[in-house]
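Comments concern the structure below.
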Amino acid sequence: MCFSFNNAANRAAFLADEEAYCRKYGLTGEQRAAVAARDVPAMLAAGGNVYYLAKLAGILGLNVQDLGALQTGRSVDDFKAMLVAARAGVDPALGGLHIGSRPSASARQRENA
Amino acid sequence: MAQVVGGYFTSHVPSIGGAIQRGDQQAEYWKPFFDGFPPVRQWLADVAPDVAVVFYNDHGLNFFLDAMPTFAVGAAPRYDNADEGWGLPVYKSFEGHPNLSWHVIETLVEAEFDITTCQKMLVDHALSIPFELAWPDAEAWPVRLVPIAINTVQFPLPSPRRCLALGRAVGRALRSWKGDERIVVMGTGGLSHQLEGARAGFLNPDYDRFCLDHLADDPAALTTHSAEEVAELAGTQGVEILNWIAARGALGEAPQAMVMRNYHVPISNTAAATVVLEPA
């Protein structure tokens with residue numbers, strides 16, 4: 001079903017009649033209940049793949065950070081804050097922009113040009 | 001003979017496309033990521049590639065679970081992007097290089113890689129966003145494309161060791177190509193991130209550092225883990241590092257010189273990285 005959501009007309013059809021749309025794709029009772037409840041962990045447990053469920057989430061107005069918040073029982077702001085807080089654990093030798101220490105072949109090429 | 005000029009690696013998450021669309025490149029949240037790209041663009045201008053061989057993963061635009069190739073090589077004259085269902089603009093099309101694609105395909109099959117060959121395929125944001133980042137002002141892409149899709153989305157996934165071997169075989173094909181093309185290899189996706197489940201939001205800078213520290217000189221170090229172990233270490237979407245491993249393989253067995261690297265946490269749910277390598 002989620003593959004069909006690449007098509008705008010299909011996304012509109014889902015929104016217009018979700019029950020009929022799910023029936024057309026033969027969702028199991030477990031899958032249908034998970035979609036109806038907007039229960040992302042249950043969708044995953046029922047065999048959903050998050051890369052494709054993201055297309056369904058998009059129809060429902062949810063992005064991957066909303067999904068993360070839903071799945072971890074946090075508010076969206078708390079979920080985002082958790083991600084930003086992870087930066088504190090990044091060693092300065094790792095984080096940020098580092099330019100190669102030796103003159104690169106491309107730089108030599110520039111000089112010789 | 002064709003020349004492999006180096007490798008360009010970058011994260012590809014859709015939210016980068018959203019930031020570009022909104023013009024947020026210099027916004028506080030996004031600036032540390034986008035600041036990695038002027039050196040990429042300078043390097044690309046210097047090495048002037050005319051072909052890009054890109055290792056990436058499709059996210060349900062061309063492939064779905066009904067038919068999921070482990071490795072798929074494009075051999076089309078043209079590749080289009082299309083509506084992916086989550087609001088990104090439809091990106092520019094790519095001109096293919098079917099003759100080089102077939103040379104890669106023949107070399108891979110000869111080397112006993114049982115690949116899928118695609119004479120028609122859509123390519124998604126995992127390809128378009130790295131191009132948008134590299135050539136933001138291009139009216140048409142300055143390189144022709146050979147896309148190689150790796151299944152990083154649904155287990156069972158190929159092992160890191162197999163991906164490195166695939167990349168090395170692609171590299172042998174590129175270096176034996178009779179044309180005089182200048183070829184840039186790209187690997188897209190990663191680094192650590194996980195979208196699903198109770199561990200959603202998982203990031204692992206230690207594993208990312210391990211990958212970045214070994215990519216240039218010792219990519220075989222990245223193959224000491226199984227695909228399952230990589231999912232544990234990098235997150236279930238961090239397994240996109242497989243695309244980087246394959247791309248590094250295509251640069252050959254010799255150590256590479258690091259031209260630049262940028263690492264920033266977070267963009268969206270992702271630890272983002274950008275790297276350029278070239279022959280030492």
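In the structure tokens, chains take the letters A, B, ... in the order shown, each chain's residues start at 1, and ligands count up from 1 in the order shown.
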
List as a Markdown table every residue of chain A that is in contact with chain B, defined as an atom at most 9 Å from one of its atoms (using only C-alpha atoms), together with the nearest atom pair and the distance in Å rounded to one decimal, sorted by chain and then rising number.
```
| residue | atom | partner | partner_atom | distance |
| --- | --- | --- | --- | --- |
| A:Cys2 | CA | B:Gly60 | CA | 8.6 |
| A:Phe3 | CA | B:Gly60 | CA | 6.2 |
| A:Ser4 | CA | B:Gly85 | CA | 8.9 |
| A:Phe5 | CA | B:Gly85 | CA | 5.7 |
| A:Asn6 | CA | B:Gly85 | CA | 4.4 |
| A:Asn7 | CA | B:Gly85 | CA | 6.7 |
| A:Ala8 | CA | B:Gly85 | CA | 7.2 |
| A:Arg11 | CA | B:Gly85 | CA | 8.0 |
| A:Val40 | CA | B:Gly197 | CA | 8.1 |
| A:Pro41 | CA | B:Gly197 | CA | 6.0 |
| A:Leu44 | CA | B:Gly197 | CA | 7.8 |
| A:Asn49 | CA | B:Gln154 | CA | 7.4 |
| A:Val50 | CA | B:Glu196 | CA | 6.3 |
| A:Tyr51 | CA | B:His59 | CA | 5.9 |
| A:Tyr52 | CA | B:Gly60 | CA | 6.2 |
| A:Ala54 | CA | B:Trp86 | CA | 7.7 |
| A:Lys55 | CA | B:Gly85 | CA | 5.4 |
| A:Leu56 | CA | B:Gly85 | CA | 8.2 |
| A:Ala57 | CA | B:Trp86 | CA | 8.4 |
| A:Gly58 | CA | B:Trp86 | CA | 5.2 |
| A:Ile59 | CA | B:Trp86 | CA | 7.6 |
| A:Asn63 | CA | B:Trp86 | CA | 8.5 |
| A:Val64 | CA | B:Leu195 | CA | 6.7 |
| A:Gln65 | CA | B:Asn269 | CA | 6.7 |
| A:Leu67 | CA | B:Leu195 | CA | 7.6 |
| A:Gly68 | CA | B:Ala200 | CA | 5.2 |
| A:Ala69 | CA | B:Ala200 | CA | 8.1 |
| A:Gln71 | CA | B:Ala198 | CA | 5.7 |
| A:Thr72 | CA | B:Ala198 | CA | 5.2 |
| A:Gly73 | CA | B:Ala198 | CA | 8.5 |
| A:Phe79 | CA | B:Gly201 | CA | 7.5 |
| A:Lys80 | CA | B:Ser268 | CA | 8.0 |
| A:Met82 | CA | B:Gly201 | CA | 7.8 |
| A:Leu83 | CA | B:Pro266 | CA | 6.1 |
| A:Val84 | CA | B:Pro266 | CA | 5.9 |
| A:Ala85 | CA | B:Val265 | CA | 8.9 |
| A:Ala86 | CA | B:Val265 | CA | 6.9 |
| A:Arg87 | CA | B:Val265 | CA | 5.3 |
| A:Gly89 | CA | B:Pro205 | CA | 7.5 |
| A:Val90 | CA | B:Pro205 | CA | 6.2 |
| A:Asp91 | CA | B:Pro205 | CA | 8.4 |
| A:Leu94 | CA | B:Arg209 | CA | 6.4 |
| A:Gly95 | CA | B:Tyr263 | CA | 4.9 |
| A:Gly96 | CA | B:Tyr263 | CA | 5.2 |
| A:Leu97 | CA | B:Asn262 | CA | 4.2 |
| A:His98 | CA | B:Arg261 | CA | 5.2 |
| A:Ile99 | CA | B:Met260 | CA | 4.3 |
| A:Gly100 | CA | B:Val259 | CA | 4.6 |
| A:Ser101 | CA | B:Val259 | CA | 8.2 |
| A:Arg102 | CA | B:Ala257 | CA | 8.3 |
| A:Pro103 | CA | B:Val259 | CA | 8.4 |
| A:Ser104 | CA | B:Val259 | CA | 6.0 |
| A:Ala105 | CA | B:Glu278 | CA | 7.6 |
| A:Ser106 | CA | B:Asp46 | CA | 5.7 |
| A:Ala107 | CA | B:Asp46 | CA | 7.8 |
| A:Gln109 | CA | B:Asp46 | CA | 7.2 |
| A:Arg110 | CA | B:Asp46 | CA | 6.8 |
```

Worksheet, complete the sentence: From atom CA of Val54 of chain B to atom CA of Ile129 of chain B the spacing works out at 12.1 Å

Practice prompt. Could you give me, as number ranges by chain, each residue of segment 55-252 of chain B that DSSP assigns to strand (DSSP E or B) when run on this structure's backbone?
Written response: B: 55-56, 71-74, 78-80, 94-96, 116-118, 122, 144-150, 182-188

Worksheet entry | Shell of 12 Å around Lys24 of chain A, only C-alpha atoms, local chain residues under 5 positions omitted, as a PyMOL selection string | chain A and resi 1+4+10+13-14+17-19+32
